[in-house]
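Heads up, upload_18.txt below (compact mmCIF, C-alpha atoms and all ligand atoms):
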# COMPACT_ATOMS: atom_id res chain seq x y z
CA MET A 1 -216.24 122.11 73.64
CA SER A 2 -218.37 118.98 73.97
CA LYS A 3 -219.26 116.84 70.97
CA SER A 4 -221.89 114.14 70.91
CA LEU A 5 -221.01 110.64 69.77
CA PRO A 6 -220.95 109.15 67.25
CA LEU A 7 -219.02 112.13 65.95
CA ALA A 8 -220.48 111.78 62.47
CA ARG A 9 -221.90 109.49 59.84
CA LEU A 10 -219.30 109.56 57.09
CA GLY A 11 -220.30 108.49 53.59
CA VAL A 12 -217.58 107.38 51.20
CA VAL A 13 -218.15 107.20 47.47
CA GLY A 14 -216.26 104.05 46.50
CA GLY A 15 -215.41 101.07 48.69
CA GLY A 16 -211.90 100.22 47.52
CA GLN A 17 -208.67 99.91 49.46
CA LEU A 18 -208.45 103.60 50.29
CA ALA A 19 -211.81 103.58 52.06
CA ARG A 20 -210.81 100.29 53.71
CA MET A 21 -207.74 101.98 55.19
CA LEU A 22 -209.83 104.96 56.31
CA ALA A 23 -211.96 102.63 58.45
CA PRO A 24 -209.54 102.32 61.42
CA ALA A 25 -209.41 106.12 61.77
CA CYS A 26 -213.23 106.22 61.68
CA ASN A 27 -213.51 103.48 64.27
CA ALA A 28 -211.00 105.20 66.55
CA HIS A 29 -213.10 108.37 66.40
CA HIS A 30 -216.48 106.69 66.74
CA VAL A 31 -217.42 107.77 63.24
CA GLN A 32 -219.86 105.54 61.39
CA MET A 33 -218.51 105.00 57.89
CA THR A 34 -220.85 103.85 55.13
CA VAL A 35 -219.44 103.16 51.67
CA LEU A 36 -221.12 103.10 48.30
CA ASP A 37 -219.71 100.49 45.94
CA PRO A 38 -221.10 98.42 43.07
CA MET A 39 -219.43 95.28 44.38
CA HIS A 40 -220.96 93.14 47.10
CA ASN A 41 -218.44 92.73 49.93
CA SER A 42 -216.10 95.41 48.54
CA PRO A 43 -212.69 95.89 50.25
CA ALA A 44 -214.10 98.67 52.44
CA GLY A 45 -217.59 97.18 52.71
CA GLN A 46 -216.05 94.24 54.60
CA VAL A 47 -214.88 96.51 57.42
CA ALA A 48 -217.26 99.48 57.31
CA TYR A 49 -220.25 100.28 59.51
CA GLY A 50 -222.40 99.95 56.40
CA GLN A 51 -222.33 99.45 52.65
CA ILE A 52 -224.77 100.53 49.99
CA GLN A 53 -224.46 98.46 46.85
CA GLY A 54 -224.78 100.67 43.81
CA ALA A 55 -223.02 102.32 40.89
CA LEU A 56 -220.83 105.38 41.55
CA HIS A 57 -222.62 107.32 38.83
CA ASP A 58 -226.14 106.28 39.83
CA PRO A 59 -228.20 109.28 41.02
CA ALA A 60 -230.43 107.19 43.28
CA ALA A 61 -227.49 105.39 44.92
CA LEU A 62 -225.56 108.64 45.48
CA LYS A 63 -228.68 110.25 46.95
CA THR A 64 -229.19 107.33 49.33
CA LEU A 65 -225.57 107.61 50.50
CA CYS A 66 -226.01 111.35 51.08
CA GLU A 67 -229.23 110.81 53.03
CA GLN A 68 -227.44 108.39 55.34
CA SER A 69 -224.41 110.65 55.87
CA ASP A 70 -223.53 113.92 57.60
CA ILE A 71 -220.38 114.32 55.50
CA VAL A 72 -219.40 112.66 52.22
CA THR A 73 -215.86 112.00 50.99
CA PHE A 74 -214.24 109.96 48.22
CA ASP A 75 -212.22 106.82 47.60
CA LEU A 76 -211.70 107.69 43.92
CA GLU A 77 -212.53 110.48 41.47
CA ASN A 78 -214.32 108.49 38.79
CA VAL A 79 -217.74 109.24 40.25
CA GLY A 80 -220.91 111.02 39.13
CA ALA A 81 -219.64 114.55 39.81
CA ASP A 82 -222.58 116.39 38.24
CA ILE A 83 -225.06 114.54 40.43
CA LEU A 84 -222.88 115.19 43.47
CA MET A 85 -222.75 118.89 42.62
CA THR A 86 -226.54 119.00 42.61
CA LEU A 87 -226.66 117.18 45.96
CA ALA A 88 -224.04 119.57 47.38
CA ASP A 89 -226.17 122.51 46.24
CA GLN A 90 -229.02 120.98 48.23
CA GLY A 91 -226.88 121.22 51.37
CA VAL A 92 -224.98 117.92 51.59
CA GLN A 93 -221.52 118.52 53.00
CA MET A 94 -218.80 117.05 50.74
CA VAL A 95 -215.05 117.00 51.27
CA PRO A 96 -213.59 117.97 48.85
CA ALA A 97 -216.21 119.93 46.91
CA PRO A 98 -217.56 117.93 43.95
CA ALA A 99 -216.69 120.83 41.63
CA THR A 100 -213.03 120.04 42.37
CA ILE A 101 -213.61 116.34 41.71
CA ARG A 102 -215.17 117.27 38.39
CA LEU A 103 -212.27 119.52 37.44
CA ILE A 104 -209.71 116.85 38.36
CA GLN A 105 -211.57 114.10 36.48
CA ASN A 106 -210.60 115.80 33.27
CA LYS A 107 -206.79 115.83 33.01
CA PHE A 108 -206.85 118.45 30.31
CA GLU A 109 -209.04 120.80 32.37
CA GLN A 110 -206.75 120.13 35.31
CA LYS A 111 -203.75 121.25 33.24
CA ARG A 112 -205.60 124.38 32.11
CA HIS A 113 -206.39 125.14 35.73
CA TYR A 114 -202.68 124.98 36.64
CA GLN A 115 -201.79 127.19 33.73
CA ALA A 116 -204.43 129.76 34.70
CA SER A 117 -203.37 129.61 38.38
CA GLY A 118 -199.67 130.19 37.69
CA ILE A 119 -198.73 126.69 38.86
CA PRO A 120 -195.76 125.28 36.93
CA THR A 121 -196.68 122.29 34.79
CA ALA A 122 -195.24 120.71 31.62
CA ASP A 123 -196.26 122.50 28.40
CA PHE A 124 -199.18 120.91 26.58
CA ILE A 125 -201.54 121.27 23.64
CA ASP A 126 -204.96 119.82 23.05
CA ILE A 127 -205.32 117.52 20.04
CA GLY A 128 -208.87 116.34 20.69
CA ASP A 129 -209.48 113.36 18.39
CA ASN A 130 -207.03 114.45 15.69
CA PRO A 131 -204.88 111.48 14.53
CA ASP A 132 -202.51 113.64 12.46
CA PHE A 133 -198.87 112.79 13.26
CA ALA A 134 -197.71 116.11 11.78
CA VAL A 135 -199.28 117.86 14.76
CA VAL A 136 -197.30 115.63 17.11
CA GLU A 137 -194.05 116.28 15.27
CA ALA A 138 -194.70 120.00 15.28
CA PHE A 139 -195.21 119.88 19.07
CA GLY A 140 -191.94 117.97 19.43
CA LEU A 141 -190.80 114.44 20.27
CA PRO A 142 -190.57 112.79 22.68
CA CYS A 143 -193.91 113.77 24.17
CA VAL A 144 -196.66 112.13 26.18
CA GLN A 145 -200.19 111.58 24.94
CA LYS A 146 -202.77 111.70 27.72
CA ALA A 147 -206.47 110.95 27.64
CA HIS A 148 -208.68 113.80 28.82
CA MET A 149 -210.81 111.44 30.89
CA GLY A 150 -210.76 108.10 32.59
CA GLY A 151 -207.02 107.33 32.89
CA TYR A 152 -205.57 105.75 36.02
CA ASP A 153 -202.54 103.63 36.94
CA GLY A 154 -200.78 104.59 33.73
CA ARG A 155 -203.71 103.65 31.48
CA GLY A 156 -204.51 106.77 29.52
CA VAL A 157 -200.83 107.71 29.23
CA GLN A 158 -198.71 106.91 26.19
CA VAL A 159 -195.13 108.04 25.64
CA ILE A 160 -194.58 108.98 21.99
CA ARG A 161 -191.02 108.81 20.69
CA SER A 162 -191.65 107.92 17.06
CA ALA A 163 -194.23 107.43 14.32
CA ALA A 164 -194.36 103.76 15.34
CA ASP A 165 -195.42 104.79 18.86
CA TRP A 166 -198.07 107.01 17.33
CA ASP A 167 -199.53 103.95 15.60
CA LYS A 168 -200.14 102.61 19.13
CA ARG A 169 -201.68 105.87 20.30
CA LEU A 170 -204.69 106.10 22.57
CA LYS A 171 -207.83 106.17 20.47
CA THR A 172 -209.62 108.73 22.59
CA THR A 173 -209.86 112.49 23.10
CA SER A 174 -206.42 113.50 24.28
CA PHE A 175 -203.75 116.15 24.67
CA LEU A 176 -199.99 116.15 24.25
CA GLU A 177 -197.58 117.03 27.00
CA LYS A 178 -193.83 117.67 26.84
CA PHE A 179 -191.82 114.69 28.03
CA VAL A 180 -190.08 115.59 31.30
CA SER A 181 -186.69 113.90 31.23
CA GLY A 182 -185.45 114.56 34.77
CA GLY A 183 -186.40 111.06 35.88
CA THR A 184 -187.25 112.00 39.46
CA GLU A 185 -190.89 111.97 40.54
CA LEU A 186 -192.07 113.22 43.89
CA ALA A 187 -195.43 113.23 45.61
CA VAL A 188 -196.60 115.34 48.50
CA MET A 189 -199.71 114.61 50.52
CA VAL A 190 -201.48 117.72 51.76
CA ALA A 191 -204.42 117.93 54.16
CA ARG A 192 -206.45 121.13 54.36
CA ARG A 193 -209.20 122.14 56.73
CA ALA A 194 -212.14 124.42 56.02
CA SER A 195 -210.39 127.16 58.01
CA GLY A 196 -207.47 126.98 55.57
CA GLU A 197 -205.14 125.22 58.04
CA MET A 198 -202.85 122.98 55.99
CA VAL A 199 -200.22 120.35 56.64
CA ALA A 200 -197.90 118.81 54.06
CA TYR A 201 -196.14 115.48 54.46
CA ASP A 202 -192.49 115.00 53.58
CA PRO A 203 -192.13 114.52 49.83
CA VAL A 204 -191.82 110.90 48.80
CA GLU A 205 -189.88 109.71 45.80
CA MET A 206 -191.84 107.53 43.41
CA VAL A 207 -189.82 104.93 41.61
CA VAL A 208 -191.90 104.14 38.53
CA ASP A 209 -191.74 100.99 36.41
CA PRO A 210 -190.87 102.48 33.02
CA THR A 211 -192.67 99.81 30.98
CA LEU A 212 -195.93 99.77 32.93
CA ASN A 213 -195.88 103.51 33.84
CA LEU A 214 -196.93 102.17 37.24
CA LEU A 215 -195.43 102.87 40.64
CA ASP A 216 -192.77 100.26 41.49
CA TYR A 217 -192.04 101.44 45.01
CA LEU A 218 -191.69 104.70 46.86
CA VAL A 219 -189.28 105.92 49.47
CA ALA A 220 -189.81 108.58 52.10
CA PRO A 221 -188.22 111.01 52.48
CA ALA A 222 -187.29 111.60 48.84
CA ARG A 223 -183.56 111.51 48.13
CA VAL A 224 -183.36 115.17 47.13
CA SER A 225 -181.94 118.28 48.84
CA ASP A 226 -183.65 119.84 51.86
CA VAL A 227 -184.26 122.95 49.79
CA LEU A 228 -186.04 120.99 47.05
CA ARG A 229 -188.07 119.11 49.65
CA ARG A 230 -189.30 122.38 51.15
CA GLN A 231 -190.02 123.79 47.69
CA ALA A 232 -192.04 120.69 46.85
CA GLN A 233 -194.10 121.09 50.03
CA GLU A 234 -194.72 124.77 49.29
CA LEU A 235 -195.72 124.08 45.68
CA ALA A 236 -198.01 121.25 46.77
CA LYS A 237 -199.74 123.54 49.29
CA GLN A 238 -200.09 126.28 46.70
CA THR A 239 -201.61 123.75 44.29
CA VAL A 240 -204.13 122.54 46.86
CA GLU A 241 -205.03 126.14 47.77
CA SER A 242 -205.74 126.84 44.11
CA PHE A 243 -208.70 124.43 44.25
CA ASP A 244 -210.34 126.51 46.95
CA THR A 245 -211.72 123.53 48.86
CA HIS A 246 -210.56 121.25 51.65
CA GLY A 247 -209.80 117.59 52.22
CA LEU A 248 -206.80 115.38 51.52
CA PHE A 249 -204.83 115.62 48.28
CA GLY A 250 -201.91 113.80 46.67
CA VAL A 251 -199.82 116.16 44.54
CA GLU A 252 -197.58 114.42 41.98
CA LEU A 253 -194.52 116.41 40.89
CA PHE A 254 -191.73 116.04 38.35
CA VAL A 255 -188.19 117.29 38.96
CA THR A 256 -186.72 118.56 35.69
CA ASP A 257 -183.10 118.23 34.56
CA ASP A 258 -182.61 121.79 35.79
CA GLY A 259 -183.92 120.92 39.23
CA ASP A 260 -187.22 122.75 38.79
CA LEU A 261 -190.55 121.36 39.95
CA LEU A 262 -193.58 120.81 37.73
CA VAL A 263 -197.00 119.64 38.90
CA ASN A 264 -198.04 116.47 37.07
CA GLU A 265 -201.47 115.83 38.53
CA VAL A 266 -203.44 115.85 41.76
CA ALA A 267 -205.55 113.15 43.38
CA PRO A 268 -208.35 114.66 45.52
CA ARG A 269 -208.19 111.83 48.08
CA ALA A 270 -205.81 109.49 49.85
CA HIS A 271 -203.05 108.32 47.56
CA ASN A 272 -200.63 105.47 47.08
CA SER A 273 -197.78 107.82 47.95
CA GLY A 274 -199.16 108.29 51.45
CA HIS A 275 -199.58 104.64 52.44
CA HIS A 276 -196.29 104.60 54.34
CA SER A 277 -197.78 107.23 56.66
CA ILE A 278 -199.86 104.52 58.39
CA GLU A 279 -196.77 103.20 60.17
CA ALA A 280 -194.08 105.75 59.34
CA CYS A 281 -195.66 109.10 60.23
CA VAL A 282 -196.98 110.59 63.44
CA THR A 283 -200.41 110.92 61.82
CA SER A 284 -201.48 108.75 58.89
CA GLN A 285 -202.90 110.26 55.72
CA PHE A 286 -206.20 108.55 56.53
CA GLU A 287 -206.45 110.09 59.96
CA ASN A 288 -205.76 113.51 58.47
CA GLN A 289 -208.36 112.88 55.77
CA LEU A 290 -210.87 112.18 58.51
CA ARG A 291 -209.78 115.23 60.52
CA ALA A 292 -210.15 117.42 57.43
CA CYS A 293 -213.66 115.99 56.92
CA LEU A 294 -214.63 116.61 60.55
CA ASP A 295 -212.89 119.99 60.73
CA LEU A 296 -210.62 118.86 63.55
CA PRO A 297 -207.08 120.28 64.00
CA LEU A 298 -204.75 118.40 61.66
CA GLY A 299 -202.13 115.99 62.97
CA ALA A 300 -198.33 116.21 62.77
CA THR A 301 -196.85 114.71 59.61
CA GLU A 302 -193.27 113.99 60.73
CA LEU A 303 -191.65 110.74 59.65
CA ARG A 304 -190.59 108.32 62.40
CA GLY A 305 -187.92 106.80 60.15
CA VAL A 306 -187.06 106.13 56.53
CA ALA A 307 -189.87 104.23 54.80
CA LEU A 308 -190.35 102.20 51.64
CA THR A 309 -193.77 101.19 50.32
CA ALA A 310 -194.42 98.83 47.41
CA ASN A 311 -197.66 97.72 45.83
CA LEU A 312 -198.37 94.00 45.88
CA VAL A 313 -199.83 93.34 42.47
CA GLY A 314 -201.17 90.13 40.97
CA GLU A 315 -198.46 87.93 39.42
CA PRO A 316 -198.64 87.52 35.62
CA GLY A 317 -199.99 84.21 34.36
CA PHE A 318 -202.57 83.55 37.08
CA VAL A 319 -206.18 84.49 37.80
CA GLY A 320 -208.80 83.49 40.37
CA SER A 321 -208.95 83.46 44.15
CA PRO A 322 -205.87 85.09 45.67
CA VAL A 323 -202.99 83.03 47.03
CA ILE A 324 -200.07 84.57 48.90
CA GLU A 325 -196.60 83.04 49.09
CA GLY A 326 -193.79 84.15 51.41
CA LEU A 327 -195.87 85.45 54.30
CA ASP A 328 -193.97 83.38 56.89
CA GLU A 329 -190.65 84.79 55.69
CA LEU A 330 -192.04 88.32 55.66
CA SER A 331 -193.43 87.96 59.16
CA GLN A 332 -189.89 87.33 60.47
CA ILE A 333 -188.66 90.70 59.24
CA PRO A 334 -188.84 93.48 61.81
CA ASP A 335 -190.73 96.63 60.92
CA ALA A 336 -192.27 95.11 57.79
CA HIS A 337 -195.99 95.84 57.52
CA ILE A 338 -198.33 94.13 55.12
CA HIS A 339 -201.75 95.40 54.08
CA LEU A 340 -204.00 93.11 52.08
CA TYR A 341 -207.02 94.73 50.52
CA GLY A 342 -209.53 91.90 50.82
CA LYS A 343 -210.11 91.53 47.07
CA ASP A 344 -211.55 88.14 46.29
CA GLU A 345 -210.22 87.95 42.76
CA CYS A 346 -206.60 88.28 41.71
CA ARG A 347 -205.62 89.28 38.17
CA PRO A 348 -202.20 90.08 36.71
CA GLY A 349 -201.17 93.60 37.71
CA ARG A 350 -204.17 94.17 39.99
CA LYS A 351 -203.32 95.99 43.20
CA MET A 352 -203.98 93.40 45.92
CA GLY A 353 -202.15 95.05 48.79
CA HIS A 354 -199.02 96.90 49.77
CA LEU A 355 -196.00 96.47 51.94
CA THR A 356 -194.21 99.08 54.02
CA LEU A 357 -190.71 98.66 55.43
CA ILE A 358 -189.28 101.09 57.93
CA GLY A 359 -185.57 101.51 58.60
CA LYS A 360 -182.73 103.91 59.26
CA ASN A 361 -181.40 104.65 55.79
CA HIS A 362 -182.43 104.31 52.16
CA ASP A 363 -179.74 101.90 50.98
CA GLU A 364 -180.39 99.37 53.71
CA LEU A 365 -184.12 99.63 53.13
CA ILE A 366 -183.91 99.09 49.38
CA GLN A 367 -181.60 96.08 49.90
CA ARG A 368 -184.07 94.62 52.40
CA PHE A 369 -186.88 95.20 49.93
CA GLU A 370 -185.05 93.44 47.08
CA LEU A 371 -184.75 90.37 49.31
CA VAL A 372 -188.39 90.50 50.35
CA ARG A 373 -189.82 91.06 46.89
CA ASN A 374 -188.32 87.86 45.52
CA ASN A 375 -190.14 85.75 48.10
CA LEU A 376 -193.43 87.56 48.43
CA ILE A 377 -195.87 86.71 45.68
CA ILE A 378 -199.59 87.26 45.37
CA ARG A 379 -201.34 85.48 42.51
CA GLY A 380 -204.57 83.88 41.40
CA ASP A 381 -205.05 80.19 42.18
CA THR A 382 -205.51 79.25 38.48
CA PRO A 383 -202.88 79.41 35.71
CA GLN A 384 -204.14 81.47 32.77
N1 LIG B 1 -194.87 114.54 30.81
C1 LIG B 1 -194.31 113.41 31.25
N2 LIG B 1 -192.98 113.21 31.10
C2 LIG B 1 -192.39 112.06 31.51
N3 LIG B 1 -193.05 111.05 32.09
C3 LIG B 1 -194.38 111.18 32.26
C4 LIG B 1 -195.08 112.36 31.86
N4 LIG B 1 -196.37 112.22 32.17
C5 LIG B 1 -196.50 111.00 32.75
N5 LIG B 1 -195.32 110.37 32.81
C6 LIG B 1 -195.05 109.04 33.39
O1 LIG B 1 -196.25 108.26 33.40
C7 LIG B 1 -196.68 108.02 34.75
C8 LIG B 1 -198.19 108.05 34.83
O2 LIG B 1 -198.65 109.32 34.40
P1 LIG B 1 -199.85 110.06 35.16
O3 LIG B 1 -199.52 110.20 36.59
O4 LIG B 1 -200.16 111.30 34.42
O5 LIG B 1 -201.01 109.01 34.88
P2 LIG B 1 -202.00 108.18 35.78
O6 LIG B 1 -202.62 107.20 34.88
O7 LIG B 1 -202.87 109.13 36.48
O8 LIG B 1 -201.10 107.41 36.74
P3 LIG B 1 -201.31 107.07 38.28
O9 LIG B 1 -202.73 106.66 38.48
O10 LIG B 1 -200.33 105.95 38.43
O11 LIG B 1 -200.91 108.30 39.01
C9 LIG B 1 -196.01 109.13 35.57
O12 LIG B 1 -195.89 108.77 36.92
C10 LIG B 1 -194.67 109.22 34.85
O13 LIG B 1 -193.79 108.17 35.21
MG MG B 2 -200.11 109.83 38.33
If you took the structure in this file and wrote it as structure tokens, what would it be?
Amino acid sequence: MSKSLPLARLGVVGGGQLARMLAPACNAHHVQMTVLDPMHNSPAGQVAYGQIQGALHDPAALKTLCEQSDIVTFDLENVGADILMTLADQGVQMVPAPATIRLIQNKFEQKRHYQASGIPTADFIDIGDNPDFAVVEAFGLPCVQKAHMGGYDGRGVQVIRSAADWDKRLKTTSFLEKFVSGGTELAVMVARRASGEMVAYDPVEMVVDPTLNLLDYLVAPARVSDVLRRQAQELAKQTVESFDTHGLFGVELFVTDDGDLLVNEVAPRAHNSGHHSIEACVTSQFENQLRACLDLPLGATELRGVALTANLVGEPGFVGSPVIEGLDELSQIPDAHIHLYGKDECRPGRKMGHLTLIGKNHDELIQRFELVRNNLIIRGDTPQ
């Protein structure tokens, strides 16, 4: 079958690091990627074929992006889903469907969807805006309060163990979820084509910083049994199928004390837990995202080795233009891969890049990482 080039004009809503890392796959396929982002010179705008500067909820900006694109995909889910649904109804091809983005935007609706679809997830109740601690106690402590809308990177999540924690509750419409005490968190990236063809990556193990509720580092494959790994892949595929659309999805899972799997949440896009795939897998998550958008056969997901990925976040106590320390030392380490996201302002905790190490076994890799992390610092150029 012959195809004319460029293969497509791909529009991406959001020009952050995920769209930036999609750019090499687009370039390799002669796909012209245009991103929509409010920020001039956004991380992806710096490397894309084109950038439209505009808000992600702005009807006119979203319409312009659609007019300039054959297919539209996403860098994040906090976008004007209702407007996108109208544009999709008018015939603009979007991967995944904006109805799925809209469902996923609301964590509570997402949970209800899992419940209705027979997908295991931690028990939950809606509390809306009710500040009554008696309701929380009746549900049972410890539990987790989650905002319906707008949470990301652990914001919008509050663990409640006591009345004192409740005093620090999120002051927004929320629901309560049972605290899952197993301590192991997995994530599975799944790509799905319009035909239904699906591939799942090896589950990765997310090691979360318990104070920030933010990913510390992840290792692939997860250090769990082969049986659990396969079950996680099957559950992740079932979860993606339940949305009845296609694209790339990150499925976050909890392992309970009893060794059962529960779906935490899904990202309808590339995900932090798939970054290692750039160097460590036969096909990167970004290439499979592009293939799912273009309806091309999906690529193999096998790992080439054991991988560890860590976010490089802004050092506390500094703001301003980014400064990196330890790059010379890092560059001397074999199979260490740095990705800097091109952000021109560094703030404490801001994701500025990530680092992937590849090796032969987990212990050696984690040791190597502990050495690296002490030397490698990214910070603003001005003390706060
Ligand atoms: N029910 C739960 N039981 C135990 N820990 C939980 C629970 N829900 C969330 N957490 C912890 O909080 C972290 C963040 O929660 P969640 O993934 O729901 O929020 P998020 O803001 O979307 O985070 P991210 O953007 O980092 O994925 C989880 O990875 C987990 O460590
Ligand atoms: Mg999460």
Within 7 Å of ligand LIG 1 (chain B), which residues show up when you count all atoms listed in the file? List them as a PDB file with C-alpha atoms, in the frame of the given file, please.
ATOM      1  CA  ALA A 122    -195.240 120.710  31.620  1.00  0.00           C
ATOM      2  CA  CYS A 143    -193.910 113.770  24.170  1.00  0.00           C
ATOM      3  CA  VAL A 144    -196.660 112.130  26.180  1.00  0.00           C
ATOM      4  CA  GLY A 151    -207.020 107.330  32.890  1.00  0.00           C
ATOM      5  CA  TYR A 152    -205.570 105.750  36.020  1.00  0.00           C
ATOM      6  CA  ASP A 153    -202.540 103.630  36.940  1.00  0.00           C
ATOM      7  CA  GLY A 154    -200.780 104.590  33.730  1.00  0.00           C
ATOM      8  CA  ARG A 155    -203.710 103.650  31.480  1.00  0.00           C
ATOM      9  CA  GLY A 156    -204.510 106.770  29.520  1.00  0.00           C
ATOM     10  CA  VAL A 157    -200.830 107.710  29.230  1.00  0.00           C
ATOM     11  CA  GLU A 177    -197.580 117.030  27.000  1.00  0.00           C
ATOM     12  CA  LYS A 178    -193.830 117.670  26.840  1.00  0.00           C
ATOM     13  CA  PHE A 179    -191.820 114.690  28.030  1.00  0.00           C
ATOM     14  CA  VAL A 180    -190.080 115.590  31.300  1.00  0.00           C
ATOM     15  CA  SER A 181    -186.690 113.900  31.230  1.00  0.00           C
ATOM     16  CA  GLU A 185    -190.890 111.970  40.540  1.00  0.00           C
ATOM     17  CA  VAL A 208    -191.900 104.140  38.530  1.00  0.00           C
ATOM     18  CA  PRO A 210    -190.870 102.480  33.020  1.00  0.00           C
ATOM     19  CA  ASN A 213    -195.880 103.510  33.840  1.00  0.00           C
ATOM     20  CA  LEU A 214    -196.930 102.170  37.240  1.00  0.00           C
ATOM     21  CA  LEU A 215    -195.430 102.870  40.640  1.00  0.00           C
ATOM     22  CA  ASN A 264    -198.040 116.470  37.070  1.00  0.00           C
ATOM     23  CA  GLU A 265    -201.470 115.830  38.530  1.00  0.00           C
TER      24      GLU A 265
END
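Shortest separation to ligand MG 2 (chain B) among A:Val92, A:Val136, A:Val207, A:Met39 occurs at residue A:Val207, atoms counted being all atoms listed in the file.
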Please identify all polymer residues within 8 Å of Gly326 in chain A, counting only C-alpha atoms, omitting same-chain residues fewer than 5 positions from it, and present them as a ChimeraX atom specification.
/A:375-377
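Closest to ligand MG 2 (chain B) among A:Ala222, A:Met206, A:Ile101, A:Ile52 is A:Met206, based on only C-alpha atoms and all ligand atoms.
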Distance CA of Asp258 in chain A-CA of Ile125 in chain A, one decimal place?
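One can read the CA of Asp258 in chain A to CA of Ile125 in chain A distance as 22.5 Å.
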Which neighbours of Thr121 in chain A fall inside 12 Å, counting only C-alpha atoms, when residues of the same chain fewer than 3 positions from it are skipped, and could you give them as a JSON list (two decimals) with C-alpha atoms, in the frame of the given file?
[["chain", "number", "residue", "atom", "x", "y", "z"],
["A", 108, "PHE", "CA", -206.85, 118.45, 30.31],
["A", 110, "GLN", "CA", -206.75, 120.13, 35.31],
["A", 111, "LYS", "CA", -203.75, 121.25, 33.24],
["A", 112, "ARG", "CA", -205.60, 124.38, 32.11],
["A", 113, "HIS", "CA", -206.39, 125.14, 35.73],
["A", 114, "TYR", "CA", -202.68, 124.98, 36.64],
["A", 115, "GLN", "CA", -201.79, 127.19, 33.73],
["A", 116, "ALA", "CA", -204.43, 129.76, 34.70],
["A", 117, "SER", "CA", -203.37, 129.61, 38.38],
["A", 118, "GLY", "CA", -199.67, 130.19, 37.69],
["A", 124, "PHE", "CA", -199.18, 120.91, 26.58],
["A", 177, "GLU", "CA", -197.58, 117.03, 27.00],
["A", 178, "LYS", "CA", -193.83, 117.67, 26.84],
["A", 179, "PHE", "CA", -191.82, 114.69, 28.03],
["A", 180, "VAL", "CA", -190.08, 115.59, 31.30],
["A", 235, "LEU", "CA", -195.72, 124.08, 45.68],
["A", 239, "THR", "CA", -201.61, 123.75, 44.29],
["A", 251, "VAL", "CA", -199.82, 116.16, 44.54],
["A", 252, "GLU", "CA", -197.58, 114.42, 41.98],
["A", 253, "LEU", "CA", -194.52, 116.41, 40.89],
["A", 254, "PHE", "CA", -191.73, 116.04, 38.35],
["A", 255, "VAL", "CA", -188.19, 117.29, 38.96],
["A", 256, "THR", "CA", -186.72, 118.56, 35.69],
["A", 260, "ASP", "CA", -187.22, 122.75, 38.79],
["A", 261, "LEU", "CA", -190.55, 121.36, 39.95],
["A", 262, "LEU", "CA", -193.58, 120.81, 37.73],
["A", 263, "VAL", "CA", -197.00, 119.64, 38.90],
["A", 264, "ASN", "CA", -198.04, 116.47, 37.07],
["A", 265, "GLU", "CA", -201.47, 115.83, 38.53],
["A", 266, "VAL", "CA", -203.44, 115.85, 41.76]]
So which one's closest to ligand MG 2 (chain B), A:Gly247, A:Gln367, A:Lys146, A:Val190? Using all atoms listed in the file, please.
A:Lys146
Quick one: residues within 9 Å of Ala270 in chain A, all atoms listed in the file counted, chain neighbours fewer than 2 positions away excluded, as a PDB file with C-alpha atoms, in the frame of the given file?
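Done, and the output landed in around-v9.pdb:
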ATOM      1  CA  LEU A  18    -208.450 103.600  50.290  1.00  0.00           C
ATOM      2  CA  ALA A  19    -211.810 103.580  52.060  1.00  0.00           C
ATOM      3  CA  LEU A  22    -209.830 104.960  56.310  1.00  0.00           C
ATOM      4  CA  PHE A  74    -214.240 109.960  48.220  1.00  0.00           C
ATOM      5  CA  ASP A  75    -212.220 106.820  47.600  1.00  0.00           C
ATOM      6  CA  LEU A  76    -211.700 107.690  43.920  1.00  0.00           C
ATOM      7  CA  MET A 189    -199.710 114.610  50.520  1.00  0.00           C
ATOM      8  CA  LEU A 248    -206.800 115.380  51.520  1.00  0.00           C
ATOM      9  CA  PHE A 249    -204.830 115.620  48.280  1.00  0.00           C
ATOM     10  CA  GLY A 250    -201.910 113.800  46.670  1.00  0.00           C
ATOM     11  CA  ALA A 267    -205.550 113.150  43.380  1.00  0.00           C
ATOM     12  CA  PRO A 268    -208.350 114.660  45.520  1.00  0.00           C
ATOM     13  CA  ASN A 272    -200.630 105.470  47.080  1.00  0.00           C
ATOM     14  CA  SER A 273    -197.780 107.820  47.950  1.00  0.00           C
ATOM     15  CA  GLY A 274    -199.160 108.290  51.450  1.00  0.00           C
ATOM     16  CA  HIS A 275    -199.580 104.640  52.440  1.00  0.00           C
ATOM     17  CA  GLN A 285    -202.900 110.260  55.720  1.00  0.00           C
ATOM     18  CA  PHE A 286    -206.200 108.550  56.530  1.00  0.00           C
ATOM     19  CA  GLN A 289    -208.360 112.880  55.770  1.00  0.00           C
TER      20      GLN A 289
END
What separation in Å, quoted to one decimal, exists between CA of Val313 in chain A and CA of Arg350 in chain A?
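Computing the Euclidean distance for CA of Val313 in chain A and CA of Arg350 in chain A yields 5.1 Å.
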Out of A:His271, A:Gln384, A:Leu357, A:Gly14, which residue has the shortest atom-to-atom distance to ligand MG 2 (chain B) when counting all atoms listed in the file?
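Result for the nearest residue to ligand MG 2 (chain B): A:His271.
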Please list, as a PyMOL selection string, the residues that have an atom at most 6 Å away from (-191.5, 98.0, 59.9) in the coordinates of this file, counting all atoms listed in the file.
chain A and resi 334-337+357-358
Between CA of Asn27 in chain A and CA of Leu290 in chain A, measure the distance and give it in Å to one decimal.
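Taking CA of Asn27 in chain A and CA of Leu290 in chain A, their separation equals 10.8 Å.
Between Asn311 in chain A and the residues A:Leu340, A:Ala28, A:Met33, A:Ile333, the shortest atom-to-atom distance, using all atoms listed in the file, involves A:Leu340.
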